[in-house]
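Raw contents of my_file03.csv, CSV, C-alpha atoms and all ligand atoms:
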```csv
chain,number,residue,atom,x,y,z
A,180,MET,CA,1.1,-8.9,26.6
A,181,PRO,CA,-2.7,-9.0,26.8
A,182,ASP,CA,-4.2,-12.5,27.3
A,183,GLY,CA,-0.7,-14.1,27.4
A,184,HIS,CA,0.0,-13.9,23.7
A,185,ILE,CA,3.7,-13.4,23.1
A,186,ALA,CA,4.2,-10.9,20.2
A,187,ARG,CA,6.0,-12.5,17.2
A,188,LYS,CA,8.6,-10.2,15.7
A,189,ARG,CA,8.7,-12.1,12.5
A,190,PHE,CA,5.0,-11.3,11.9
A,191,GLY,CA,5.5,-7.6,12.7
A,192,GLN,CA,3.3,-7.8,15.8
A,193,ASN,CA,2.8,-4.5,17.6
A,194,PHE,CA,-0.7,-4.5,19.0
A,195,LEU,CA,-2.7,-1.3,19.4
A,196,HIS,CA,-4.0,-0.6,22.9
A,197,ASP,CA,-4.6,3.1,22.9
A,198,ARG,CA,-8.5,3.5,23.0
A,199,ASN,CA,-8.4,7.1,21.8
A,200,ILE,CA,-6.2,6.2,18.7
A,201,ILE,CA,-8.3,3.1,18.0
A,202,GLY,CA,-11.4,5.3,18.1
A,203,LYS,CA,-9.8,7.8,15.7
A,204,ILE,CA,-8.9,5.1,13.2
A,205,VAL,CA,-12.4,3.5,13.2
A,206,SER,CA,-14.0,7.0,12.8
A,207,ALA,CA,-11.7,7.7,9.9
A,208,ILE,CA,-12.8,4.4,8.2
A,209,ALA,CA,-16.5,4.9,9.2
A,210,PRO,CA,-17.6,1.4,8.1
A,211,LYS,CA,-21.3,0.8,7.4
A,212,PRO,CA,-23.4,-2.4,7.5
A,213,GLY,CA,-23.5,-4.1,4.1
A,214,GLU,CA,-20.0,-2.9,3.0
A,215,THR,CA,-17.3,-5.4,2.3
A,216,VAL,CA,-14.6,-4.6,4.8
A,217,VAL,CA,-11.5,-6.7,4.9
A,218,GLU,CA,-8.9,-6.3,7.7
A,219,ILE,CA,-5.4,-7.4,7.1
A,220,GLY,CA,-3.7,-8.7,10.3
A,221,PRO,CA,-6.5,-8.5,12.9
A,222,GLY,CA,-4.2,-9.8,15.6
A,223,LEU,CA,-5.8,-9.6,19.0
A,224,GLY,CA,-8.8,-7.7,17.6
A,225,ALA,CA,-8.0,-4.1,18.7
A,226,LEU,CA,-9.6,-2.8,15.4
A,227,THR,CA,-11.7,-5.8,14.6
A,228,GLN,CA,-14.0,-5.4,17.6
A,229,PRO,CA,-15.0,-1.8,17.0
A,230,LEU,CA,-15.1,-2.3,13.2
A,231,LEU,CA,-17.5,-5.2,13.8
A,232,ALA,CA,-19.6,-3.1,16.1
A,233,ALA,CA,-20.0,-0.6,13.3
A,234,CYS,CA,-20.6,-2.8,10.3
A,235,GLY,CA,-21.7,-6.3,11.6
A,236,HIS,CA,-19.4,-8.4,9.4
A,237,LEU,CA,-15.7,-8.4,8.4
A,238,HIS,CA,-13.3,-10.4,6.3
A,239,VAL,CA,-10.0,-10.8,8.0
A,240,VAL,CA,-6.7,-12.2,6.7
A,241,GLU,CA,-4.3,-13.5,9.4
A,242,ILE,CA,-1.1,-15.6,9.2
A,243,ASP,CA,-0.5,-16.4,12.9
A,244,ARG,CA,-2.3,-19.7,13.8
A,245,ASP,CA,-2.5,-18.9,17.5
A,246,LEU,CA,-4.2,-15.7,16.8
A,247,ILE,CA,-6.6,-17.4,14.3
A,248,ALA,CA,-7.5,-19.9,17.0
A,249,ARG,CA,-8.4,-17.0,19.4
A,250,LEU,CA,-10.4,-15.2,16.7
A,251,LYS,CA,-12.4,-18.4,16.1
A,252,GLU,CA,-13.1,-18.7,19.8
A,253,THR,CA,-14.1,-15.1,20.2
A,254,TYR,CA,-16.3,-14.4,17.1
A,255,GLU,CA,-19.1,-16.2,15.3
A,256,PRO,CA,-18.6,-17.2,11.7
A,257,THR,CA,-21.6,-14.9,10.8
A,258,GLN,CA,-19.5,-12.0,12.2
A,259,LEU,CA,-16.1,-12.9,10.9
A,260,SER,CA,-15.0,-14.6,7.7
A,261,ILE,CA,-11.5,-15.7,8.6
A,262,HIS,CA,-9.0,-16.2,5.8
A,263,GLU,CA,-6.0,-18.1,7.1
A,264,GLY,CA,-2.6,-17.4,5.5
A,265,ASP,CA,-0.3,-14.8,4.0
A,266,ALA,CA,-1.9,-11.6,2.9
A,267,LEU,CA,0.9,-11.3,0.3
A,268,LYS,CA,-0.6,-14.3,-1.5
A,269,PHE,CA,-4.2,-13.7,-0.7
A,270,ASP,CA,-6.5,-13.4,-3.8
A,271,PHE,CA,-8.6,-10.3,-3.0
A,272,GLY,CA,-10.3,-10.8,-6.3
A,273,ASN,CA,-12.6,-13.4,-4.7
A,274,LEU,CA,-14.3,-11.0,-2.3
A,275,PRO,CA,-17.4,-9.1,-3.2
A,276,THR,CA,-16.8,-5.6,-4.5
A,277,PRO,CA,-16.4,-2.7,-3.8
A,278,LEU,CA,-13.8,-3.6,-1.2
A,279,ARG,CA,-12.8,-1.5,1.8
A,280,VAL,CA,-9.4,-2.7,2.9
A,281,VAL,CA,-8.0,-1.7,6.3
A,282,GLY,CA,-5.3,-2.7,8.7
A,283,ASN,CA,-2.5,-2.0,11.1
A,284,LEU,CA,-0.1,-3.5,8.7
A,285,PRO,CA,2.9,-5.7,9.6
A,286,TYR,CA,5.7,-3.3,8.8
A,287,ASN,CA,8.1,-5.9,7.6
A,288,ILE,CA,6.0,-6.6,4.5
A,289,SER,CA,4.3,-3.2,4.0
A,290,THR,CA,5.9,-2.3,0.6
A,291,PRO,CA,5.3,-5.7,-1.1
A,292,LEU,CA,1.8,-5.7,0.4
A,293,LEU,CA,1.0,-2.3,-1.1
A,294,PHE,CA,2.2,-3.5,-4.5
A,295,HIS,CA,0.1,-6.7,-4.2
A,296,LEU,CA,-3.0,-4.7,-3.2
A,297,ALA,CA,-2.5,-2.2,-6.1
A,298,GLN,CA,-3.2,-5.1,-8.5
A,299,TYR,CA,-6.8,-5.2,-7.2
A,300,ALA,CA,-7.3,-1.4,-7.3
A,301,GLU,CA,-10.2,-1.7,-9.8
A,302,ARG,CA,-12.2,-3.7,-7.1
A,303,VAL,CA,-11.4,-1.4,-4.3
A,304,ARG,CA,-13.4,1.6,-2.9
A,305,ASP,CA,-10.7,2.7,-0.5
A,306,MET,CA,-7.9,1.5,1.8
A,307,THR,CA,-7.0,2.8,5.2
A,308,PHE,CA,-3.7,1.6,6.7
A,309,MET,CA,-1.4,2.2,9.6
A,310,LEU,CA,2.2,2.1,8.4
A,311,GLN,CA,5.6,3.4,9.5
A,312,LYS,CA,5.4,7.2,9.2
A,313,GLU,CA,8.5,7.1,7.0
A,314,VAL,CA,6.8,4.8,4.5
A,315,VAL,CA,3.7,7.1,4.4
A,316,GLN,CA,6.0,10.0,3.7
A,317,ARG,CA,7.5,8.1,0.8
A,318,MET,CA,4.0,7.2,-0.5
A,319,VAL,CA,2.8,10.8,-0.6
A,320,ALA,CA,6.2,12.5,-1.4
A,321,GLU,CA,6.5,15.3,-4.1
A,322,PRO,CA,9.2,15.2,-6.8
A,323,ASP,CA,12.6,16.5,-6.0
A,324,THR,CA,12.5,15.5,-2.3
A,325,GLU,CA,14.5,12.8,-0.5
A,326,GLU,CA,11.4,10.7,0.1
A,327,TYR,CA,10.3,10.6,-3.5
A,328,GLY,CA,10.9,7.3,-5.3
A,329,ARG,CA,9.4,4.2,-7.0
A,330,LEU,CA,6.8,3.8,-4.2
A,331,SER,CA,5.6,7.4,-4.6
A,332,VAL,CA,5.4,7.3,-8.4
A,333,MET,CA,3.7,3.9,-8.7
A,334,LEU,CA,1.2,4.4,-5.9
A,335,GLN,CA,0.4,8.0,-6.9
A,336,TYR,CA,-0.3,6.9,-10.4
A,337,ARG,CA,-3.0,4.5,-9.2
A,338,PHE,CA,-4.3,6.1,-6.0
A,339,ASN,CA,-5.2,9.5,-4.5
A,340,MET,CA,-3.7,9.4,-1.1
A,341,ALA,CA,-3.8,11.4,2.1
A,342,ARG,CA,-1.8,11.2,5.3
A,343,LEU,CA,-4.4,11.4,8.0
A,344,PHE,CA,-2.6,11.5,11.4
A,345,ASP,CA,0.5,10.2,13.2
A,346,VAL,CA,0.5,7.6,15.9
A,347,PRO,CA,3.2,7.5,18.6
A,348,PRO,CA,5.0,4.3,19.6
A,349,GLY,CA,3.3,4.3,23.0
A,350,ALA,CA,0.0,3.4,21.4
A,351,PHE,CA,1.3,-0.1,20.8
A,352,ASN,CA,2.3,-3.1,22.8
A,353,PRO,CA,5.2,-3.8,22.4
A,354,ALA,CA,6.1,-0.2,21.4
A,355,PRO,CA,7.9,0.0,18.0
A,356,LYS,CA,11.0,2.1,17.7
A,357,VAL,CA,9.4,4.5,15.2
A,358,THR,CA,6.4,6.7,14.8
A,359,SER,CA,3.5,5.4,12.7
A,360,ALA,CA,1.0,7.2,10.5
A,361,ILE,CA,-2.5,6.5,9.0
A,362,VAL,CA,-2.8,6.8,5.3
A,363,TRP,CA,-6.0,6.8,3.2
A,364,MET,CA,-5.9,5.5,-0.4
A,365,GLN,CA,-8.6,5.8,-3.0
A,366,PRO,CA,-8.1,4.3,-6.5
A,367,ARG,CA,-8.1,7.0,-9.2
A,368,PRO,CA,-11.0,6.7,-11.7
A,369,LEU,CA,-10.0,4.5,-14.7
A,370,ALA,CA,-10.7,7.4,-17.1
A,371,GLU,CA,-7.9,9.4,-15.4
A,372,LEU,CA,-5.3,6.6,-15.9
A,373,ARG,CA,-3.5,7.6,-19.1
A,374,CYS,CA,-0.7,5.0,-19.2
A,375,ARG,CA,-1.1,2.5,-22.1
A,376,ASP,CA,1.3,-0.1,-20.6
A,377,ALA,CA,1.5,-0.2,-16.8
A,378,VAL,CA,4.1,-2.9,-16.8
A,379,LEU,CA,6.4,-0.8,-19.0
A,380,LEU,CA,5.8,2.2,-16.6
A,381,SER,CA,6.8,0.0,-13.7
A,382,ARG,CA,10.1,-1.1,-15.4
A,383,ILE,CA,11.0,2.5,-16.4
A,384,VAL,CA,10.3,3.8,-12.9
A,385,THR,CA,12.3,1.0,-11.3
A,386,ALA,CA,15.3,1.7,-13.6
A,387,ALA,CA,15.1,5.5,-13.0
A,388,PHE,CA,15.3,5.1,-9.2
A,389,GLY,CA,17.5,2.0,-9.1
A,390,GLN,CA,20.6,4.3,-9.1
A,391,ARG,CA,19.3,7.6,-7.8
A,392,ARG,CA,22.6,9.5,-8.3
A,393,LYS,CA,22.8,8.7,-12.0
A,394,THR,CA,21.3,10.8,-14.8
A,395,LEU,CA,18.3,9.7,-16.9
A,396,ARG,CA,20.6,9.3,-19.9
A,397,ASN,CA,22.3,6.5,-17.9
A,398,THR,CA,19.4,4.9,-16.1
A,399,LEU,CA,17.1,4.9,-19.1
A,400,ARG,CA,19.7,4.2,-21.8
A,401,GLU,CA,18.0,0.9,-22.7
A,402,TRP,CA,14.9,2.8,-23.8
A,403,LEU,CA,15.6,6.5,-24.6
A,404,GLY,CA,18.1,8.1,-27.0
A,405,ASP,CA,18.7,11.8,-27.5
A,406,ALA,CA,15.9,12.1,-30.1
A,407,ASP,CA,13.5,10.6,-27.6
A,408,PHE,CA,14.5,13.0,-24.8
A,409,ALA,CA,14.2,15.9,-27.2
A,410,ALA,CA,10.7,14.8,-28.4
A,411,LEU,CA,9.6,14.4,-24.7
A,412,GLY,CA,11.2,17.8,-23.7
A,413,ILE,CA,13.0,16.0,-20.8
A,414,ASP,CA,16.6,16.9,-19.9
A,415,PRO,CA,18.7,13.7,-20.2
A,416,GLY,CA,21.2,15.2,-17.7
A,417,ALA,CA,18.5,15.3,-15.0
A,418,ARG,CA,18.0,12.6,-12.3
A,419,GLY,CA,14.9,10.4,-12.0
A,420,GLU,CA,13.7,12.2,-8.8
A,421,VAL,CA,12.9,15.5,-10.6
A,422,LEU,CA,10.3,13.9,-12.9
A,423,GLY,CA,6.7,13.9,-11.9
A,424,VAL,CA,4.3,11.0,-12.2
A,425,ASP,CA,2.9,12.5,-15.5
A,426,ASP,CA,6.4,12.6,-16.9
A,427,TYR,CA,6.9,8.9,-16.3
A,428,VAL,CA,3.5,8.2,-17.9
A,429,ARG,CA,4.6,10.3,-21.0
A,430,ILE,CA,7.8,8.4,-21.3
A,431,ALA,CA,6.0,5.0,-21.1
A,432,ASN,CA,3.4,6.2,-23.7
A,433,HIS,CA,6.1,7.6,-26.0
A,434,LEU,CA,7.8,4.2,-26.0
A,435,SER,CA,4.6,2.3,-26.6
A,436,MET,CA,3.8,4.6,-29.6
A,437,ARG,CA,7.4,4.5,-30.9
A,438,ASP,CA,7.8,0.8,-30.6
A,439,GLY,CA,4.3,0.2,-32.0
A,440,LEU,CA,5.2,2.3,-35.1
A,441,GLU,CA,8.5,0.5,-35.6
A,442,ARG,CA,6.9,-2.9,-35.5
B,501,LIG,N1,-4.6,-5.3,14.1
B,501,LIG,C1,-3.9,-5.7,15.3
B,501,LIG,C2,-3.7,-4.4,16.1
B,501,LIG,O1,-3.9,-3.3,15.5
B,501,LIG,O2,-3.4,-4.5,17.3
B,501,LIG,C3,-2.5,-6.3,15.0
B,501,LIG,C4,-1.6,-5.5,14.1
B,501,LIG,S1,0.0,-6.2,14.0
B,501,LIG,C5,1.0,-4.7,13.6
B,501,LIG,C6,0.1,-7.0,12.5
B,501,LIG,C7,-0.8,-8.2,12.3
B,501,LIG,O3,-0.6,-8.8,11.0
B,501,LIG,C8,-0.5,-9.4,13.3
B,501,LIG,O4,-1.7,-9.9,13.7
B,501,LIG,C9,0.3,-10.4,12.4
B,501,LIG,O5,0.2,-11.7,12.9
B,501,LIG,C10,-0.4,-10.2,11.1
B,501,LIG,N2,0.4,-10.6,10.0
B,501,LIG,C11,1.8,-10.5,9.9
B,501,LIG,N3,2.2,-10.9,8.7
B,501,LIG,C12,1.1,-11.3,8.0
B,501,LIG,C13,0.9,-11.8,6.6
B,501,LIG,N4,1.9,-12.0,5.8
B,501,LIG,N5,-0.4,-12.0,6.3
B,501,LIG,C14,-1.4,-11.8,7.1
B,501,LIG,N6,-1.3,-11.3,8.4
B,501,LIG,C15,0.0,-11.0,8.8
```
Would you put the structure from the file into structure tokens?
Amino acid sequence: MPDGHIARKRFGQNFLHDRNIIGKIVSAIAPKPGETVVEIGPGLGALTQPLLAACGHLHVVEIDRDLIARLKETYEPTQLSIHEGDALKFDFGNLPTPLRVVGNLPYNISTPLLFHLAQYAERVRDMTFMLQKEVVQRMVAEPDTEEYGRLSVMLQYRFNMARLFDVPPGAFNPAPKVTSAIVWMQPRPLAELRCRDAVLLSRIVTAAFGQRRKTLRNTLREWLGDADFAALGIDPGARGEVLGVDDYVRIANHLSMRDGLER
């Protein structure tokens, strides 16, 4: 391991060493001086160094105390604002907007981290992440595919997303078992977000995909009866995976309207 640091599995540490890949990631981000760029998990600085060279100042969020000590030795406080602790608990609302969030994310917490970050979408300009390829495939999946699920619907509702390129295990030290991929996420404009109750949307989507083999009549029985399915034009015998993001938004809005009228 470079510089004698022993990679900690519990922190999902796979350090990038491939110069070509690092260059491609930084070019994709293209940070400029004056932008608020925050890197999650800077580690040994593989991305931090070239990002800093391009934009002059970075916020970083890192949990590993040994790595934090190294970062403090290597960089001036004028270059790096170091936020020590768990990115899952970090309040991104305290940083100046618009935020550009980047990182080679610790794979063990990638899904909860994406949901945590989605809460700050209004403050974000864009996010560029390295994730397991399989997770990126789920994020951008189309309905009626194996990969399509709660992660796809909830993130596609809030973000436009693009899978940029894949990264082989050999680009890291230690090499992970799986291929990775770079994903770019840009919050959709507020005017495009048609859901009246995002919490209800999340509950419906969680229920619809909780038991993938079951029909919507079963999984959504708490909310929808035959009259509701008929009004929505949705087949109650279908499974959750055939509905698009807009269908889930229509269901949530139908319920908000119906329950609002009943009150
Ligand atoms: N950016 C470096 C690179 O590309 O070589 C390191 C990437 S490594 C996959 C993930 C980094 O996230 C590590 O530095 C790890 O210590 C850090 N990390 C893990 N869990 C974290 C958490 N909950 N909050 C903040 N950082 C975390």
Selection: 6 Å around stretch 337-350 of chain A, only C-alpha atoms, excl. self and same-chain fewer than 3 positions, as a CSV table (one decimal) with C-alpha atoms, in the frame of the given file:
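Result written to selection-v9.csv:
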```csv
chain,number,residue,atom,x,y,z
A,195,LEU,CA,-2.7,-1.3,19.4
A,196,HIS,CA,-4.0,-0.6,22.9
A,197,ASP,CA,-4.6,3.1,22.9
A,334,LEU,CA,1.2,4.4,-5.9
A,354,ALA,CA,6.1,-0.2,21.4
A,355,PRO,CA,7.9,0.0,18.0
A,358,THR,CA,6.4,6.7,14.8
A,359,SER,CA,3.5,5.4,12.7
A,360,ALA,CA,1.0,7.2,10.5
A,361,ILE,CA,-2.5,6.5,9.0
A,362,VAL,CA,-2.8,6.8,5.3
A,363,TRP,CA,-6.0,6.8,3.2
A,364,MET,CA,-5.9,5.5,-0.4
A,365,GLN,CA,-8.6,5.8,-3.0
A,366,PRO,CA,-8.1,4.3,-6.5
A,367,ARG,CA,-8.1,7.0,-9.2
```
| query | If we count all atoms listed in the file, what is near stretch 292-306 of chain A at a cut-off of 7 Å, once residues fewer than 3 positions away on the same chain are taken out, given as a PyMOL selection string? | reply | chain A and resi 267+271-272+276-281+288-289+363-366
| task | Name the residues, by chain letter and number, that sit within 9 Å of ligand LIG 501 (chain B) using all atoms listed in the file, and give them as an NGL selection string. | result | :A and (186-196 or 201 or 218-227 or 239-247 or 262-269 or 282-288 or 292 or 309-310 or 351-352)
| task | Can you work out the spacing between atom CA of A:Asp376 and atom CA of A:Phe388 in Å, to one decimal? | result |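 Computing it gives 18.8 Å between the two atoms.
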| remark: As a check of understanding: the span from atom CA of A:Met318 to atom CA of A:Leu399 is 22.9 Å
| message | Report, in Å to a single decimal, how far apart atom CA of A:Ser435 and atom CA of A:Leu411 are. | response | 13.2 Å
| query | So which one's closest to A:Asp425, A:Ala386, A:Leu330, A:Leu230, A:Leu380? Using all atoms listed in the file, please. | reply | A:Leu380
